[in-house]
>>> print(open('work_18.cif').read())   # mmCIF, C-alpha atoms and all ligand atoms
data_final
#
loop_
_atom_site.group_PDB
_atom_site.id
_atom_site.type_symbol
_atom_site.label_atom_id
_atom_site.label_comp_id
_atom_site.auth_asym_id
_atom_site.auth_seq_id
_atom_site.Cartn_x
_atom_site.Cartn_y
_atom_site.Cartn_z
ATOM 1 C CA MET O 15 -158.059 76.407 -73.041
ATOM 2 C CA GLU O 16 -157.258 72.824 -73.944
ATOM 3 C CA VAL O 17 -157.029 73.759 -77.609
ATOM 4 C CA LEU O 18 -154.715 76.635 -76.733
ATOM 5 C CA ARG O 19 -152.432 74.329 -74.772
ATOM 6 C CA HIS O 20 -152.289 71.849 -77.632
ATOM 7 C CA ALA O 21 -151.692 74.589 -80.171
ATOM 8 C CA THR O 22 -148.865 76.032 -78.055
ATOM 9 C CA GLY O 23 -147.297 72.597 -77.756
ATOM 10 C CA THR O 24 -147.451 72.029 -81.496
ATOM 11 C CA LEU O 25 -146.098 75.522 -82.152
ATOM 12 C CA LEU O 26 -143.121 75.003 -79.852
ATOM 13 C CA LEU O 27 -142.333 71.651 -81.466
ATOM 14 C CA MET O 28 -142.443 73.170 -84.951
ATOM 15 C CA LEU O 29 -140.258 76.093 -83.894
ATOM 16 C CA MET O 30 -137.742 73.638 -82.459
ATOM 17 C CA LEU O 31 -137.715 71.709 -85.712
ATOM 18 C CA CYS O 32 -137.601 74.791 -87.953
ATOM 19 C CA GLY O 33 -135.031 76.843 -85.993
ATOM 20 C CA SER O 34 -131.464 75.958 -86.841
ATOM 21 C CA ALA O 35 -129.280 75.822 -83.789
ATOM 22 C CA ARG O 36 -126.481 78.320 -84.274
ATOM 23 C CA SER O 37 -123.286 76.898 -82.810
ATOM 24 C CA ALA O 38 -121.402 79.076 -80.401
ATOM 25 C CA GLU O 39 -118.349 80.553 -82.053
ATOM 26 C CA ALA O 40 -115.856 79.697 -79.348
ATOM 27 C CA GLY O 41 -112.257 78.671 -79.683
ATOM 28 C CA THR O 42 -110.737 81.717 -81.343
ATOM 29 C CA GLU O 43 -109.940 83.142 -77.873
ATOM 30 C CA LYS O 44 -106.752 81.075 -77.888
ATOM 31 C CA CYS O 45 -105.354 83.534 -80.429
ATOM 32 C CA LYS O 46 -103.671 86.368 -78.560
ATOM 33 C CA LEU O 47 -104.035 89.629 -80.436
ATOM 34 C CA THR O 48 -101.016 91.937 -80.318
ATOM 35 C CA VAL O 49 -103.483 94.757 -79.734
ATOM 36 C CA GLU O 50 -106.768 93.513 -78.312
ATOM 37 C CA THR O 51 -109.582 95.366 -80.074
ATOM 38 C CA ASP O 52 -113.228 94.447 -80.575
ATOM 39 C CA SER O 53 -112.988 94.747 -84.349
ATOM 40 C CA GLU O 54 -110.018 92.371 -84.625
ATOM 41 C CA ARG O 55 -111.694 89.924 -82.224
ATOM 42 C CA LEU O 56 -114.786 90.064 -84.454
ATOM 43 C CA GLN O 57 -112.701 89.239 -87.547
ATOM 44 C CA LEU O 58 -111.237 86.237 -85.723
ATOM 45 C CA LYS O 59 -114.713 85.020 -84.783
ATOM 46 C CA ARG O 60 -115.683 85.035 -88.469
ATOM 47 C CA LEU O 61 -113.007 82.378 -88.985
ATOM 48 C CA ALA O 62 -114.414 80.021 -86.332
ATOM 49 C CA PRO O 63 -115.353 77.290 -88.894
ATOM 50 C CA LEU O 64 -111.623 76.887 -89.616
ATOM 51 C CA LEU O 65 -110.856 75.889 -86.037
ATOM 52 C CA ASN O 66 -109.286 72.558 -85.067
ATOM 53 C CA LYS O 67 -107.912 71.685 -88.492
ATOM 54 C CA ASN O 68 -104.343 71.258 -89.688
ATOM 55 C CA PHE O 69 -104.096 72.780 -93.149
ATOM 56 C CA SER O 70 -100.987 71.773 -95.020
ATOM 57 C CA VAL O 71 -99.345 72.544 -98.339
ATOM 58 C CA SER O 72 -96.089 71.498 -99.935
ATOM 59 C CA MET O 73 -93.977 73.644 -102.237
ATOM 60 C CA MET O 74 -90.619 73.508 -103.968
ATOM 61 C CA LYS O 75 -88.124 76.233 -103.190
ATOM 62 C CA ASP O 76 -84.520 76.218 -104.456
ATOM 63 C CA LYS O 77 -84.815 72.485 -105.301
ATOM 64 C CA GLU O 78 -85.924 71.802 -101.744
ATOM 65 C CA SER O 79 -89.381 70.699 -100.765
ATOM 66 C CA TYR O 80 -91.034 72.388 -97.814
ATOM 67 C CA THR O 81 -94.296 71.545 -96.130
ATOM 68 C CA TYR O 82 -96.229 74.248 -94.338
ATOM 69 C CA VAL O 83 -98.862 73.512 -91.731
ATOM 70 C CA PHE O 84 -101.364 76.143 -90.616
ATOM 71 C CA GLN O 85 -103.854 75.966 -87.801
ATOM 72 C CA LEU O 86 -106.233 78.658 -86.605
ATOM 73 C CA CYS O 87 -105.576 79.531 -82.964
ATOM 74 C CA GLY O 88 -104.162 76.080 -82.279
ATOM 75 C CA ASP O 89 -100.858 74.182 -82.339
ATOM 76 C CA ALA O 90 -99.990 73.587 -86.006
ATOM 77 C CA ASP O 91 -98.908 69.943 -86.394
ATOM 78 C CA GLY O 92 -98.948 69.743 -82.602
ATOM 79 C CA VAL O 93 -96.050 72.176 -82.072
ATOM 80 C CA PRO O 94 -96.934 74.389 -79.068
ATOM 81 C CA GLU O 95 -97.687 78.053 -79.908
ATOM 82 C CA ALA O 96 -97.032 77.531 -83.630
ATOM 83 C CA GLY O 97 -99.709 78.962 -85.927
ATOM 84 C CA VAL O 98 -97.761 78.266 -89.095
ATOM 85 C CA LEU O 99 -95.007 75.673 -89.172
ATOM 86 C CA GLN O 100 -92.425 74.943 -91.850
ATOM 87 C CA ILE O 101 -91.127 71.382 -92.191
ATOM 88 C CA ASP O 102 -88.195 70.726 -94.514
ATOM 89 C CA GLU O 103 -87.118 67.458 -96.155
ATOM 90 C CA LYS O 104 -85.065 66.484 -93.091
ATOM 91 C CA LYS O 105 -88.199 66.922 -90.942
ATOM 92 C CA SER O 106 -86.662 69.818 -89.067
ATOM 93 C CA LYS O 107 -89.329 72.266 -87.993
ATOM 94 C CA THR O 108 -89.275 76.049 -88.097
ATOM 95 C CA VAL O 109 -92.028 78.144 -86.570
ATOM 96 C CA VAL O 110 -93.086 80.742 -89.158
ATOM 97 C CA GLY O 111 -95.626 82.491 -86.936
ATOM 98 C CA ARG O 112 -97.127 82.116 -83.459
ATOM 99 C CA TYR O 113 -100.764 82.572 -82.572
ATOM 100 C CA ASN O 114 -99.883 84.424 -79.382
ATOM 101 C CA SER O 115 -98.999 87.378 -81.667
ATOM 102 C CA THR O 116 -102.002 87.560 -83.953
ATOM 103 C CA LYS O 117 -103.399 90.364 -86.066
ATOM 104 C CA ALA O 118 -106.691 90.059 -87.900
ATOM 105 C CA ILE O 119 -107.835 92.543 -90.501
ATOM 106 C CA GLY O 120 -111.033 92.036 -92.464
ATOM 107 C CA GLY O 121 -113.217 93.368 -95.241
ATOM 108 C CA SER O 122 -116.617 92.406 -96.545
ATOM 109 C CA ASP O 123 -115.457 89.147 -98.154
ATOM 110 C CA TRP O 124 -111.975 88.522 -96.799
ATOM 111 C CA VAL O 125 -109.971 88.273 -93.605
ATOM 112 C CA MET O 126 -106.212 88.700 -93.391
ATOM 113 C CA LEU O 127 -104.659 86.784 -90.529
ATOM 114 C CA ILE O 128 -101.124 87.673 -89.481
ATOM 115 C CA TYR O 129 -99.053 85.497 -87.169
ATOM 116 C CA GLU O 130 -95.875 87.206 -85.984
ATOM 117 C CA ASN O 131 -93.112 86.277 -83.583
ATOM 118 C CA GLY O 132 -91.895 83.259 -85.546
ATOM 119 C CA ASP O 133 -88.350 81.888 -85.345
ATOM 120 C CA HIS O 134 -85.898 84.534 -86.526
ATOM 121 C CA TYR O 135 -84.068 84.338 -89.858
ATOM 122 C CA LYS O 136 -80.421 83.274 -89.536
ATOM 123 C CA THR O 137 -78.983 85.475 -92.273
ATOM 124 C CA HIS O 138 -81.723 87.191 -94.285
ATOM 125 C CA CYS O 139 -84.214 89.905 -93.510
ATOM 126 C CA ASP O 140 -82.131 91.663 -90.855
ATOM 127 C CA LYS O 141 -82.380 88.453 -88.772
ATOM 128 C CA ALA O 142 -85.875 89.498 -87.849
ATOM 129 C CA ASN O 143 -88.574 87.145 -86.564
ATOM 130 C CA ARG O 144 -90.466 85.248 -89.265
ATOM 131 C CA LYS O 145 -94.025 86.196 -89.911
ATOM 132 C CA ALA O 146 -96.901 84.549 -91.759
ATOM 133 C CA ILE O 147 -99.766 86.221 -93.570
ATOM 134 C CA ILE O 148 -102.790 84.069 -94.379
ATOM 135 C CA MET O 149 -105.273 85.610 -96.758
ATOM 136 C CA ILE O 150 -108.694 84.017 -96.314
ATOM 137 C CA SER O 151 -111.110 84.879 -99.125
ATOM 138 C CA CYS O 152 -114.798 84.240 -99.683
ATOM 139 C CA ASP O 153 -115.775 81.274 -101.824
ATOM 140 C CA ARG O 154 -119.381 80.182 -101.399
ATOM 141 C CA ASN O 155 -118.723 76.850 -103.087
ATOM 142 C CA THR O 156 -116.091 75.596 -100.652
ATOM 143 C CA ALA O 157 -116.535 75.230 -96.894
ATOM 144 C CA VAL O 158 -112.772 75.504 -96.454
ATOM 145 C CA GLY O 159 -110.553 75.226 -99.497
ATOM 146 C CA PRO O 160 -107.017 73.865 -99.570
ATOM 147 C CA LEU O 161 -104.178 75.982 -98.230
ATOM 148 C CA GLU O 162 -101.958 77.511 -100.893
ATOM 149 C CA ALA O 163 -98.507 78.955 -100.447
ATOM 150 C CA ILE O 164 -97.920 82.053 -102.554
ATOM 151 C CA VAL O 165 -94.495 83.549 -101.893
ATOM 152 C CA GLU O 166 -91.800 83.760 -99.357
ATOM 153 C CA ASP O 167 -90.697 87.340 -99.657
ATOM 154 C CA ARG O 168 -87.017 87.636 -98.733
ATOM 155 C CA GLU O 169 -85.932 90.507 -100.954
ATOM 156 C CA ARG O 170 -86.675 93.191 -98.406
ATOM 157 C CA SER O 171 -86.184 93.885 -94.726
ATOM 158 C CA ASP O 172 -89.848 93.322 -93.828
ATOM 159 C CA CYS O 173 -90.109 89.661 -94.807
ATOM 160 C CA PHE O 174 -93.172 87.455 -94.654
ATOM 161 C CA TYR O 175 -94.590 84.133 -95.796
ATOM 162 C CA LEU O 176 -97.832 84.478 -97.709
ATOM 163 C CA PHE O 177 -100.614 81.894 -97.836
ATOM 164 C CA GLU O 178 -104.039 81.780 -99.348
ATOM 165 C CA LEU O 179 -107.183 79.956 -98.287
ATOM 166 C CA ASP O 180 -110.753 79.998 -99.604
ATOM 167 C CA ALA O 181 -113.630 79.677 -97.157
ATOM 168 C CA SER O 182 -117.352 80.308 -97.261
ATOM 169 C CA ALA O 183 -117.200 81.471 -93.638
ATOM 170 C CA VAL O 184 -115.920 84.927 -94.609
ATOM 171 C CA CYS O 185 -118.600 85.514 -97.250
ATOM 172 C CA PRO O 186 -121.007 88.376 -96.605
ATOM 173 C CA ILE O 187 -124.418 87.246 -95.395
ATOM 174 C CA ILE O 188 -126.975 87.384 -98.182
ATOM 175 C CA GLU O 189 -129.972 89.460 -97.140
ATOM 176 C CA SER O 190 -133.269 87.621 -97.112
ATOM 177 C CA LYS O 191 -134.996 88.335 -100.424
ATOM 178 C CA LEU O 192 -138.489 87.619 -99.070
ATOM 179 C CA SER O 193 -140.836 90.568 -99.303
ATOM 180 C CA THR O 194 -143.112 91.570 -96.430
ATOM 181 C CA GLY O 195 -146.096 90.181 -98.331
ATOM 182 C CA ALA O 196 -144.460 86.797 -98.733
ATOM 183 C CA ILE O 197 -143.552 86.683 -95.038
ATOM 184 C CA ILE O 198 -147.144 87.569 -94.033
ATOM 185 C CA LEU O 199 -148.415 84.858 -96.389
ATOM 186 C CA ILE O 200 -146.061 82.279 -94.899
ATOM 187 C CA VAL O 201 -147.113 83.251 -91.370
ATOM 188 C CA LEU O 202 -150.783 82.953 -92.364
ATOM 189 C CA VAL O 203 -150.244 79.534 -93.929
ATOM 190 C CA CYS O 204 -148.381 78.451 -90.788
ATOM 191 C CA LEU O 205 -151.208 79.686 -88.541
ATOM 192 C CA VAL O 206 -153.809 77.845 -90.602
ATOM 193 C CA ALA O 207 -151.665 74.703 -90.482
ATOM 194 C CA PHE O 208 -151.287 75.007 -86.694
ATOM 195 C CA TYR O 209 -155.037 75.520 -86.339
ATOM 196 C CA LEU O 210 -155.906 72.522 -88.494
ATOM 197 C CA ILE O 211 -153.317 70.166 -87.004
ATOM 198 C CA GLY O 212 -153.867 71.314 -83.406
ATOM 199 C CA GLY O 213 -157.646 71.238 -83.793
ATOM 200 C CA PHE O 214 -157.584 67.850 -85.474
ATOM 201 C CA LEU O 215 -155.412 66.360 -82.738
ATOM 202 C CA TYR O 216 -157.606 67.911 -80.058
ATOM 203 C CA GLN O 217 -160.843 66.649 -81.635
ATOM 204 C CA ARG O 218 -159.437 63.192 -82.186
ATOM 205 C CA LEU O 219 -157.461 62.599 -79.020
ATOM 206 C CA VAL O 220 -159.299 64.678 -76.406
ATOM 207 C CA VAL O 221 -162.889 64.792 -77.638
ATOM 208 C CA GLY O 222 -162.609 61.408 -79.353
ATOM 209 C CA ALA O 223 -164.353 62.561 -82.505
ATOM 210 C CA LYS O 224 -164.617 60.405 -85.610
ATOM 211 C CA GLY O 225 -165.044 61.155 -89.311
ATOM 212 C CA MET O 226 -165.882 64.719 -90.333
ATOM 213 C CA ASP O 227 -166.221 65.771 -86.679
ATOM 214 C CA GLN O 228 -162.433 65.619 -86.430
ATOM 215 C CA ILE O 229 -162.262 68.862 -88.410
ATOM 216 C CA PRO O 230 -161.913 71.621 -85.794
ATOM 217 C CA ASN O 231 -165.102 73.681 -85.265
ATOM 218 C CA TYR O 232 -166.791 71.654 -87.991
ATOM 219 C CA ALA O 233 -170.313 72.983 -87.270
ATOM 220 C CA PHE O 234 -169.071 76.568 -87.358
ATOM 221 C CA TRP O 235 -167.195 76.167 -90.641
ATOM 222 C CA ALA O 236 -170.127 74.306 -92.197
ATOM 223 C CA GLU O 237 -172.320 77.262 -91.228
ATOM 224 C CA VAL O 238 -169.760 79.696 -92.665
ATOM 225 C CA GLY O 239 -169.725 77.687 -95.881
ATOM 226 C CA ASN O 240 -173.493 77.697 -96.141
ATOM 227 C CA LEU O 241 -173.753 81.414 -95.384
ATOM 228 C CA SER O 242 -171.136 82.329 -97.957
ATOM 229 C CA ALA O 243 -172.849 80.079 -100.491
ATOM 230 C CA ASP O 244 -176.099 81.918 -99.774
ATOM 231 C CA GLY O 245 -174.360 85.259 -100.054
ATOM 232 C CA CYS O 246 -172.784 84.275 -103.339
ATOM 233 C CA ASP O 247 -176.106 83.013 -104.574
ATOM 234 C CA PHE O 248 -177.726 86.323 -103.667
ATOM 235 C CA VAL O 249 -174.998 88.508 -105.171
ATOM 236 C CA CYS O 250 -173.859 86.615 -108.237
ATOM 237 C CA ARG O 251 -176.895 84.785 -109.605
ATOM 238 C CA SER O 252 -178.628 86.745 -112.382
ATOM 239 C CA ARG O 253 -181.707 84.537 -112.706
ATOM 240 C CA LYS O 254 -183.894 83.730 -109.710
ATOM 241 C CA ARG O 255 -183.283 80.204 -108.563
ATOM 242 C CA GLU O 256 -186.948 79.772 -107.515
ATOM 243 C CA GLU O 257 -188.235 80.199 -111.116
ATOM 244 C CA PRO O 258 -188.196 76.553 -112.156
ATOM 245 C CA ASN O 259 -189.815 75.618 -108.842
ATOM 246 C CA ALA O 260 -192.477 78.323 -109.247
ATOM 247 C CA TYR O 261 -193.175 77.123 -112.765
ATOM 248 C CA ARG O 262 -193.567 73.621 -111.505
ATOM 249 C CA GLY O 263 -195.768 74.919 -108.702
ATOM 250 C CA VAL O 264 -198.094 76.706 -111.159
ATOM 251 C CA ALA O 265 -198.242 73.679 -113.373
ATOM 252 C CA SER O 266 -199.509 71.773 -110.326
ATOM 253 C CA GLU O 267 -200.503 68.912 -112.590
ATOM 254 C CA PRO O 268 -198.565 65.692 -112.160
ATOM 255 C CA GLU O 269 -195.531 66.155 -114.342
ATOM 256 C CA GLU O 270 -195.520 64.390 -117.648
ATOM 257 C CA GLU O 271 -192.431 62.955 -119.160
ATOM 258 C CA PRO O 272 -191.167 65.105 -122.063
ATOM 259 C CA GLU O 273 -191.302 62.095 -124.348
ATOM 260 C CA GLU O 274 -194.976 61.687 -123.543
ATOM 261 C CA ARG O 275 -195.656 65.295 -124.443
ATOM 262 C CA ASP O 276 -193.815 64.774 -127.712
ATOM 263 C CA ASP O 277 -196.012 61.796 -128.344
ATOM 264 C CA HIS O 278 -199.076 64.047 -128.038
ATOM 265 C CA LEU O 279 -197.657 66.554 -130.483
ATOM 266 C CA LEU O 280 -196.585 64.066 -133.122
ATOM 267 C CA PRO O 281 -199.938 63.124 -134.634
ATOM 268 C CA MET O 282 -200.770 66.834 -135.319
HETATM 269 C C1 LIG O 301 -102.696 68.430 -86.118
HETATM 270 O O1 LIG O 301 -101.590 67.582 -86.382
HETATM 271 C C2 LIG O 301 -100.922 67.105 -85.224
HETATM 272 C C3 LIG O 301 -99.719 66.284 -85.671
HETATM 273 O O2 LIG O 301 -100.097 65.363 -86.688
HETATM 274 C C4 LIG O 301 -101.851 66.275 -84.359
HETATM 275 O O3 LIG O 301 -101.209 65.885 -83.181
HETATM 276 C C5 LIG O 301 -103.044 67.143 -83.997
HETATM 277 O O4 LIG O 301 -103.978 66.389 -83.268
HETATM 278 C C6 LIG O 301 -103.698 67.686 -85.247
HETATM 279 N N1 LIG O 301 -104.759 68.584 -84.831
HETATM 280 C C7 LIG O 301 -105.992 68.516 -85.361
HETATM 281 C C8 LIG O 301 -106.988 69.428 -84.802
HETATM 282 O O5 LIG O 301 -106.285 67.724 -86.258
HETATM 283 C C1 LIG O 302 -95.422 83.889 -77.510
HETATM 284 O O1 LIG O 302 -94.824 82.654 -77.220
HETATM 285 C C2 LIG O 302 -93.403 82.640 -77.379
HETATM 286 C C3 LIG O 302 -92.925 81.234 -77.174
HETATM 287 O O2 LIG O 302 -93.510 80.648 -76.043
HETATM 288 C C4 LIG O 302 -92.765 83.633 -76.416
HETATM 289 O O3 LIG O 302 -91.386 83.656 -76.583
HETATM 290 C C5 LIG O 302 -93.365 85.012 -76.696
HETATM 291 O O4 LIG O 302 -92.881 85.939 -75.768
HETATM 292 C C6 LIG O 302 -94.855 84.987 -76.614
HETATM 293 N N1 LIG O 302 -95.363 86.265 -77.082
HETATM 294 C C7 LIG O 302 -96.337 86.916 -76.471
HETATM 295 C C8 LIG O 302 -96.728 88.218 -77.047
HETATM 296 O O5 LIG O 302 -96.864 86.477 -75.448
#
>>> encode(input="work_18.cif", output="structure tokens", more="lines below")
Ligand SMILES: *[C@@H]1O[C@H](CO)[C@@H](O)[C@H](O)[C@H]1NC(C)=O
Ligand SMILES: *[C@@H]1O[C@H](CO)[C@@H](O)[C@H](O)[C@H]1NC(C)=O
Amino acid sequence: MEVLRHATGTLLLMLMLCGSARSAEAGTEKCKLTVETDSERLQLKRLAPLLNKNFSVSMMKDKESYTYVFQLCGDADGVPEAGVLQIDEKKSKTVVGRYNSTKAIGGSDWVMLIYENGDHYKTHCDKANRKAIIMISCDRNTAVGPLEAIVEDRERSDCFYLFELDASAVCPIIESKLSTGAIILIVLVCLVAFYLIGGFLYQRLVVGAKGMDQIPNYAFWAEVGNLSADGCDFVCRSRKREEPNAYRGVASEPEEEPEERDDHLLPM
């Protein structure tokens, strides 16, 4: 029973060490979906590693420099409700999209985030509200890549600002390539390790054993070793092991040294 308790303790400790704590993917709830569906909510949750970061990019447009700031489900550059913010050279701010009007569409290795309900255009695009599209693509080599501005499409009535971002978070999960055999082998090795470590600790700390006796069930394993040696001897050995002994037994005379025998032979 004592051994079992020790083994369980060791096992739990190892599991705690081995198991990686998966962080709860909270925080994307602040995004209000225009149509609340489970699938869109799921796409948003995939983006959780992007939370609580201001992503910014600068670009030249008509000899003017604009800076865009994007934040996932949070106030971009601290402006309330703004998901994507445009800052011009005079530091005046325009909300391009708000995260209270979010759409999230996703595929196997990408998520398209759409923030609508931005400040409306003054003259272009039928004076509609601005809207931002952020294309987040899989890149296993970057946790979250830099934000890139692609185009500001103003040549049509349905205008939008397009951004690009690479992130490993949207990459498909690679299936474990371990075969069943390998998993069984690993489990076996683990069990043996638990047995040895647990048994050793038990023998040493509880029983107070020293030396070889610290090996768990030493007497039993010694017996197993001897029995298997006997079995192997019986099965594998082609010549009887007793022969030399029997020969010596028959000889019964006190054994002479080979050199002495040679000495007898030499004079003949
Ligand atoms: C984003 O930027 C704004 C303005 O600089 C700042 O107030 C806010 O704390 C930043 N948010 C994060 C999560 O870094
Ligand atoms: C989002 O927030 C803006 C600004 O506060 C507000 O005008 C708009 O009605 C809100 N939209 C939704 C869908 O709640």
>>> closest_residue(input="work_18.cif", among="O:Asp244, O:Glu54, O:Glu43, O:Asp227", to="Leu215 in chain O", atoms="all atoms listed in the file")
O:Asp227
>>> closest_residue(input="work_18.cif", among="O:Ala233, O:Ala90, O:Val184, O:Leu56", to="ligand LIG 301 (chain O)", atoms="only C-alpha atoms and all ligand atoms")
O:Ala90
>>> residues_near_ligand(input="work_18.cif", ligand="ligand LIG 301 (chain O)", cutoff="9 Å", atoms="only C-alpha atoms and all ligand atoms", output="list in words")
Leu65, Asn66, Lys67, Asn68, Phe69, Val83, Gln85, Gly88, Asp89, Ala90, Asp91, Gly92 and Val93 of chain O
>>> resolve_selection(input="work_18.cif", expression="the PyMOL selection byres (((not hetatm)) within 12 of (chain O and resi 302))", output="VMD selection string")
chain O and resid 44 to 50 89 93 to 97 109 to 117 129 to 134 143
>>> atom_distance(input="work_18.cif", atom1="CA of Asn231 in chain O", atom2="CA of Arg218 in chain O")
12.3 Å
>>> closest_residue(input="work_18.cif", among="O:Leu86, O:Arg144, O:Cys185, O:Phe174", to="Ser122 in chain O", atoms="all atoms listed in the file")
O:Cys185
>>> atom_distance(input="work_18.cif", atom1="CA of Val201 in chain O", atom2="CA of Ile187 in chain O")
23.4 Å
>>> residues_near_point(input="work_18.cif", point="(-114.5, 76.8, -87.7)", cutoff="12 Å", atoms="all atoms listed in the file", output="ChimeraX atom specification")
/O:37-42,58-68,85-88,157-158,181-184
